[in-house]
Amino acid sequence: MADALEVEVAHLLRRVCLGPYPSQVDRWRAEGVDRLLEWALDAAPLPSDPEEGIGEDDYDALLNGWIRQLRHPEAALHERLTWFWHGHLTTSTDKASFVPALWRQQRLLRRHALGNFRDLLRDITTDAAMLVYLDGDGSVADAPNENFSRELMELFTLGRGNYGEADVRAGARALAGWSVDTEDGWKVRFTKDDAMTGTVSFLGREVGDADQVVDAVCDHPACAPFIAAKLHTHLVGVAPDEARTAELGGLFAASGLEIKPLVTAIVTHPSFRDPTLRRPRYPAEWLAAALAATGSVGEHDHSDQYWFEQIGQRPFAPPNVGGWPGGPRWLSASSSMARAGLVAQMGPDPAVVGPVEQVTAVLRRCLLFDVSASTRTALDNAARAIEDDHERVLALFTLALTSPEFSLL
Amino acid sequence: MNANRYDRRHVLRLLALGAVSIGVPACRGGADAAPAGSGAGGSPPPSTGAAAGDPAPATPAATPIGALAGGAAPIAERILVVVELNGGNDGLATVIPVGDGRYRDLRPQLAVDGSDALPFGEGWALNAGLAPVASRLAALQGVGVARPDLSHFAMLSRWWRGDPEGDAGYDSGFLGRCCDVLAGDEPVTGLSLGFGATPALASQKATTMSLPNLDLLSGFAGDDRPALAVVRQGWRTIASAADAPPAGSLSAPAAAGLAGLARQGLGAALDFADVLAALPEAAGGYPETDIGRQLALAGRLIRGDAGVRVLHLPYGSFDTHDGQRFSHDQQMQDLGAALAAFQRDLDTDGYGGRVLVATTSEFGRRVPAELDGTDHGGASVMLLAGPVRAGRHGADPSLADLDEHDNLRATVNLRDYYATLAEGWLGVPAESVLPAGATVIDELLAL
């Protein structure tokens with residue numbers, strides 16, 4: 001029988017890691033929950049290959065590289081935050097199609113994942129893939145493109161109601177002058193003649209270049225609570241109430257927009273430890289966790305691009321500039337069907353389960369220590385009914401990985 | 001499955017709602033009604049309940065061209081296919097004001113001349129990519145809202161929810177509400193052929209889902225793996241546990257609600273997987289494009305009598321801030337070719353009169369171009385393909401009277417466009433799914 005500590009450790013691992021490894025439960029059960037959280041916050045970033053060596057349309061290399069990081073046994077909050085920022089400051093291959101530049105952007109997000117938000121925003125503003133995705137590339141001050149300026153405020157920092165159309169236009173002017181040389185490895189250039197001269201009034205202050213635009217949005221009182229609330233929603237599964245938003249926003253602003261103290265405040269709060277399952281496990285999270293549980297690494301009929309695509313959440317292919325929406329839509333019939341189909345193709349190896357107590361063993365592999373009676377019954381019945389070892393283990397994993405418990409965080 | 005399995009009950013239900021009488025179109029007037037207003041193209045719908053700020057009529061559109069297409073099927077057999085043009089489709093590059101000098105002045109790098117496009121009434125041309133379906137294509141000009149917003153997300157939300165001014169307080173989608181009225185014993189009433197559920201199909205009681213393709217069906221249906229029957233039994237056990245309080249960490253109300261949704265999803269998938277496994281093969285002739293594959297699957301679902309009444313196809317990337325001419329033309333060409341294949345497919349088995357295709361898009365584009373692209377705009381043209389009166393409808397937008405952001409002003413409110421799809425086509429009373437005042441535009445459909 002699972003004990004309470006085991007249940008709590010498993011729950012925390014599900015929330016801090018994308019693809020928690022079964023062996024981690026024993027480790028942290030021995031060392032304790034506080035040590036687990038310290039590890040999750042302090043774990044060094046995983047190694048990341050440089051962009052050189054990635055072919056210009058080698059999308060598989062990009063996704064294989066990323067899924068290896070997401071489901072790595074040592075992947076902790078740093079990897080989760082890198083993934084979070086990709087959904088927040090998102091970019092799509094629809095427009096930014098040069099894979100080395102996408103990997104460059106992913107490495108940028110990794111570099112700042114638990115660092116300083118202002119630095120992150122400054123770098124992403126003149127990142128090649130972002131410049132191409134939101135049309136900063138080639139924007140000139142005389143007829144500036146408004147796309148990035150608008151999304152910078154609406155989606156990335158402030159939220160609607162905190163700026164006006166005049167700010168969108170002014171921001172676009174101050175952001176002009178940058179371009180991406182698509183003939184030369186997507187190097188980013190700044191052309192003084194295309195940029196504005198003097199300053200323009202933006203969010204109540206005078207700005208004259210991209211850094212000053214970034215400073216203006218970062219210093220705006222709506223920015224810190226906006227980011228804090230979004231991060232809390234991702235990590236805890238529910239939006240913070242007004243008081244908690246103000247508290248976290250105040251802490252974030254006071255730290256000079258340092259991300260790690262904000263994340264620390266969120267994950268050490270009782271609401272993070274509370275074992276109530278509060279949101280769907282989003283598709284890429286489910287995929288990383290399912291691959292970790294089944295022990296499926298490498299050697300498949302399909303590339304990782306296929307897995308991500310079928311599950312409905314392909315990195316660098318968000319539905320739009322708002323990233324992937326949250327909420328219960330990911331519990332729909334379509335998700336169930338896709339997940340069941342993928343488990344069949346993962347072909348779990350019976351060796352990861354062992355010959356005895358297979359139902360419990362499969363559930364433990366999935367970090368499920370506390371399942372509903374119906375889920376347990378479904379697995380028990382399947383264990384009794386299927387003779388063939390491979391088919392039985394496949395059936396048990398299929399049921400466990402599509403159960404309501406595994407589908408939620 | 002029998003094509004008419006759900007029909008009788010649906011008709012009885014609609015009769016009970018007072019929405020239809022058998023054999024008579026639900027919309028006012030029907031096929032022979034004289035188009036209202038000035039010109040054969042008609043004016044915008046009567047502004048019932050017109051509030052200040054409602055779109056005002058502009059120049060009446062010219063006489064629709066093209067023949068009246070074949071008649072529509074009885075109301076209970078009809079299917080709506082909504083193609084959502086993601087990102088904000090440029091109406092002025094879709095139905096093009098080639099005869100207006102201001103068009104060339106405002107868009108020097110984007111303007112086409114008449115010879116690049118299909119004549120579409122005096123002074124207007126249709127994007128050449130849509131030529132293969134032009135004879136069965138109606139274009140409703142100037143569709144938008146009274147107080148537009150320039151944010152994708154604000155406008156998507158209004159379009160998805162059927163909430164023109166963003167103040168109606170709906171928490172379901174317009175198509176989802178239509179499904180709630182239409183729902184019978186079919187396993188799935190509304191289906192999106194895209195990745196991830198769409199808020200447009202969010203419903204109260206109808207089962208709606210999304211399904212980008214059938215690649216993964218083998219994990220869920222089929223009889224090549226005996227163990228699959230055991231797994232399916234297990235899924236039934238889990239799915240039917242909805243009423244029992246879940247144990248342990250799922251017992252909190254919020255989690256129980258989410259677990260209930262997960263169980264419902266599993267149950268619906270089981271039911272629908274059987275239908276999907278029995279679908280006919282795809283017809284030939286579809287182009288190998290995203291929209292070609294989506295419409296080929298839609299054709300299989302329709303010809304296979306899967307019971308789906310509302311299909312939703314997210315398509316493309318129309319947010320053409322840059323490089324618009326090429327990408328927009330290419331997408332129109334892909335859309336036109338795929339729609340032509342779809343109509344041939346449906347006609348082959350006599351399904352053509354049952355299916356109306358209608359586009360949506362969150363907004364049009366800024367009228368003055370920004371080099372070779374356009375910014376977020378206002379009103380735009382909506383396209384309808386199937387049993388329609390081909391040609392231009394509504395009131396043409398004016399390039400001389402732009403709003404304060406240099407965008408087109410709406411001449412038709414989106415609620416009236418939606419009323420035409422809901423009540424005019426599906427027989428779903430407009431007042432049950434849309435804000436007050438939504439009125440069917442009679443002239444569009446050939447019923």
# chains A, B, ... in the order shown; residues from 1 in each chain; ligands from 1

$ select_by_dssp --residues "region 101-246 of chain B" --states "helix (DSSP H, G or I)" --output "PyMOL selection string"
chain B and resi 101-106+114-116+128-136+152-161+174-182+199-201+217-219+226-243

$ write_last_selection --atoms "C-alpha atoms" --output "CSV table (one decimal), in the first residue's frame"
chain,number,residue,atom,x,y,z
B,101,GLY,CA,-9.3,53.7,-57.8
B,102,ARG,CA,-8.9,54.2,-54.1
B,103,TYR,CA,-8.1,50.5,-53.8
B,104,ARG,CA,-5.0,50.8,-56.1
B,105,ASP,CA,-3.9,54.0,-54.3
B,106,LEU,CA,-4.2,52.5,-50.8
B,114,GLY,CA,-9.2,42.7,-63.1
B,115,SER,CA,-7.4,40.4,-65.5
B,116,ASP,CA,-5.8,38.5,-62.5
B,128,ALA,CA,-8.9,33.6,-59.0
B,129,GLY,CA,-8.1,30.8,-56.6
B,130,LEU,CA,-11.9,30.5,-55.9
B,131,ALA,CA,-12.8,30.1,-59.6
B,132,PRO,CA,-13.4,26.3,-59.4
B,133,VAL,CA,-16.3,26.9,-57.0
B,134,ALA,CA,-17.5,30.3,-58.2
B,135,SER,CA,-20.8,29.0,-59.6
B,136,ARG,CA,-21.9,27.8,-56.2
B,152,HIS,CA,-7.1,38.5,-32.5
B,153,PHE,CA,-8.2,37.1,-29.1
B,154,ALA,CA,-10.9,39.5,-28.4
B,155,MET,CA,-12.4,39.1,-31.8
B,156,LEU,CA,-11.9,35.3,-31.9
B,157,SER,CA,-13.7,35.1,-28.7
B,158,ARG,CA,-16.7,37.1,-30.1
B,159,TRP,CA,-16.8,35.0,-33.2
B,160,TRP,CA,-16.4,31.7,-31.3
B,161,ARG,CA,-19.1,32.6,-28.8
B,174,PHE,CA,-22.1,29.5,-31.1
B,175,LEU,CA,-21.6,26.2,-32.9
B,176,GLY,CA,-21.8,24.4,-29.6
B,177,ARG,CA,-25.2,26.0,-28.8
B,178,CYS,CA,-26.4,25.0,-32.2
B,179,CYS,CA,-25.3,21.4,-31.4
B,180,ASP,CA,-27.2,21.6,-28.1
B,181,VAL,CA,-30.4,22.2,-30.0
B,182,LEU,CA,-29.6,19.6,-32.7
B,199,PRO,CA,-14.2,27.1,-28.0
B,200,ALA,CA,-16.6,27.5,-31.0
B,201,LEU,CA,-18.0,24.0,-30.3
B,217,LEU,CA,-7.9,5.0,-34.5
B,218,SER,CA,-6.2,1.6,-34.4
B,219,GLY,CA,-5.4,2.1,-30.8
B,226,PRO,CA,-8.0,-9.5,-29.2
B,227,ALA,CA,-6.7,-7.7,-26.1
B,228,LEU,CA,-8.2,-4.5,-27.4
B,229,ALA,CA,-11.7,-5.9,-26.5
B,230,VAL,CA,-10.5,-6.2,-22.9
B,231,VAL,CA,-9.1,-2.7,-22.9
B,232,ARG,CA,-12.3,-1.4,-24.3
B,233,GLN,CA,-14.2,-3.1,-21.5
B,234,GLY,CA,-11.8,-1.4,-19.0
B,235,TRP,CA,-12.5,2.0,-20.6
B,236,ARG,CA,-16.2,1.3,-20.2
B,237,THR,CA,-15.7,0.6,-16.5
B,238,ILE,CA,-13.8,3.9,-16.1
B,239,ALA,CA,-16.1,5.9,-18.3
B,240,SER,CA,-19.3,4.7,-16.6
B,241,ALA,CA,-18.0,5.5,-13.1
B,242,ALA,CA,-19.0,9.1,-13.5
B,243,ASP,CA,-21.7,8.9,-10.8

$ closest_atom_pairs --of "chain A" --to "chain B" --cutoff "8 Å" --atoms "only C-alpha atoms" --output "CSV"
residue,atom,partner,partner_atom,distance
A:Asp94,CA,B:Ser317,CA,7.7
A:Asp135,CA,B:His321,CA,6.9
A:Ala143,CA,B:Glu370,CA,6.7
A:Pro144,CA,B:Glu370,CA,7.8
A:Asn145,CA,B:Glu370,CA,7.2
A:Glu146,CA,B:Asp375,CA,7.2
A:Asn147,CA,B:Asp375,CA,7.4
A:Pro275,CA,B:Ser249,CA,6.1
A:Thr276,CA,B:Ser249,CA,5.5
A:Leu277,CA,B:Ala255,CA,5.3
A:Arg278,CA,B:Ala255,CA,5.8
A:Arg279,CA,B:Leu258,CA,7.4
A:Pro280,CA,B:Leu258,CA,7.7
A:Gln310,CA,B:Leu216,CA,7.8
A:Gly312,CA,B:Phe195,CA,5.0
A:Gln313,CA,B:Phe195,CA,7.8
A:Asn320,CA,B:Gly87,CA,8.0
A:Gly322,CA,B:Phe153,CA,7.9
A:Pro328,CA,B:Leu258,CA,7.0
A:Arg329,CA,B:Ala197,CA,5.5
A:Trp330,CA,B:Gly196,CA,6.9
A:Leu331,CA,B:Ala262,CA,4.8
A:Ser332,CA,B:Gly265,CA,4.5
A:Ala333,CA,B:Gly265,CA,3.7
A:Ser334,CA,B:Ser210,CA,5.4
A:Ser335,CA,B:Gly265,CA,7.7
A:Ser336,CA,B:Leu266,CA,5.6
A:Met337,CA,B:Ala269,CA,6.0
A:Ala338,CA,B:Leu216,CA,5.8
A:Ala340,CA,B:Gly219,CA,5.5
A:Gly341,CA,B:Gly219,CA,3.8
A:Leu342,CA,B:Leu216,CA,6.9
A:Val343,CA,B:Gly219,CA,7.7
A:Ala344,CA,B:Gly219,CA,5.6
A:Gln345,CA,B:Gly219,CA,7.9
A:Asp370,CA,B:Gly248,CA,5.9
A:Val371,CA,B:Ala247,CA,6.6
A:Ser372,CA,B:Ala247,CA,4.6
A:Ala373,CA,B:Ala247,CA,6.5
A:Ser374,CA,B:Ile238,CA,5.2
A:Thr375,CA,B:Ile238,CA,5.7
A:Thr377,CA,B:Thr237,CA,7.6
A:Ala378,CA,B:Gly234,CA,4.3
A:Leu379,CA,B:Gly234,CA,6.9
A:Asn381,CA,B:Gly234,CA,7.4
A:Ala382,CA,B:Val230,CA,5.9
A:Ala385,CA,B:Val230,CA,7.1
A:Ile386,CA,B:Ala227,CA,6.5
A:Glu391,CA,B:Ala227,CA,6.3
A:Arg392,CA,B:Ala227,CA,7.4
A:Ala395,CA,B:Val231,CA,5.8
A:Thr398,CA,B:Val231,CA,7.6
A:Leu399,CA,B:Val231,CA,6.8
A:Ser403,CA,B:Ile238,CA,7.4
A:Pro404,CA,B:Ala259,CA,5.2
A:Glu405,CA,B:Ala259,CA,7.3
A:Ser407,CA,B:Ala262,CA,7.4
A:Leu408,CA,B:Ala259,CA,7.8

$ atom_distance --atom1 "CA of Gly394 (chain B)" --atom2 "CA of Thr411 (chain B)"
7.3 Å

$ residues_around --residues "Ala125 (chain B)" --least-positions-apart "6" --cutoff "6 Å" --atoms "only C-alpha atoms" --output "ChimeraX atom specification"
/B:95-96,117-119

$ residues_around --residues "Val236 (chain A)" --least-positions-apart "3" --cutoff "12 Å" --atoms "only C-alpha atoms" --output "MDAnalysis selection string"
chainID A and resid 11:12 14:16 228:233 239:240 263 265:281 408:409

$ atom_distance --atom1 "CA of Asp304 (chain A)" --atom2 "CA of Leu70 (chain A)"
12.1 Å

$ residues_around --residues "Glu206 (chain A)" --least-positions-apart "6" --cutoff "10 Å" --atoms "only C-alpha atoms" --output "VMD selection string"
chain A and resid 170 174 198 to 200 212 to 213 216

$ residues_around --residues "region 353-363 of chain B" --least-positions-apart "2" --cutoff "7 Å" --atoms "only C-alpha atoms" --output "JSON, numbers by chain"
{"B": [70, 71, 72, 73, 77, 78, 79, 80, 81, 82, 83, 84, 85, 86, 87, 88, 89, 152, 155, 156, 159, 351, 365, 377, 378, 379, 380, 382, 383, 384, 385, 386, 387]}

$ atom_distance --atom1 "CA of Gln69 (chain A)" --atom2 "CA of Ser48 (chain A)"
8.4 Å

$ select_by_dssp --residues "region 185-303 of chain B" --states "strand (DSSP E)" --output "CSV table (one decimal) with all heavy atoms, in the first residue's frame"
chain,number,residue,atom,x,y,z
B,190,GLY,N,-21.1,17.7,-32.9
B,190,GLY,CA,-20.3,18.7,-33.5
B,190,GLY,C,-18.8,18.2,-33.5
B,190,GLY,O,-18.3,17.7,-32.5
B,191,LEU,N,-18.1,18.4,-34.6
B,191,LEU,CA,-16.8,17.8,-34.7
B,191,LEU,C,-15.8,18.9,-35.3
B,191,LEU,O,-16.2,19.4,-36.4
B,191,LEU,CB,-16.8,16.6,-35.5
B,191,LEU,CG,-15.5,15.8,-35.7
B,191,LEU,CD1,-14.9,15.3,-34.4
B,191,LEU,CD2,-15.6,14.7,-36.7
B,192,SER,N,-14.7,19.1,-34.7
B,192,SER,CA,-13.7,20.0,-35.3
B,192,SER,C,-12.6,19.1,-35.9
B,192,SER,O,-12.1,18.2,-35.2
B,192,SER,CB,-13.1,20.9,-34.2
B,192,SER,OG,-12.1,21.7,-34.8
B,208,THR,N,-19.4,17.2,-28.4
B,208,THR,CA,-18.6,17.8,-29.5
B,208,THR,C,-17.2,17.4,-29.2
B,208,THR,O,-16.8,17.2,-28.1
B,208,THR,CB,-18.7,19.3,-29.5
B,208,THR,OG1,-18.2,19.9,-28.4
B,208,THR,CG2,-20.2,19.7,-29.7
B,209,MET,N,-16.4,17.2,-30.3
B,209,MET,CA,-15.0,16.8,-30.1
B,209,MET,C,-14.2,17.3,-31.3
B,209,MET,O,-14.7,17.9,-32.2
B,209,MET,CB,-14.9,15.3,-29.9
B,209,MET,CG,-15.2,14.4,-31.0
B,209,MET,SD,-15.0,12.7,-30.6
B,209,MET,CE,-13.3,12.4,-31.0
B,210,SER,N,-12.9,17.0,-31.2
B,210,SER,CA,-12.0,17.4,-32.3
B,210,SER,C,-11.2,16.2,-32.6
B,210,SER,O,-10.9,15.3,-31.8
B,210,SER,CB,-11.1,18.6,-31.9
B,210,SER,OG,-10.3,18.2,-30.8
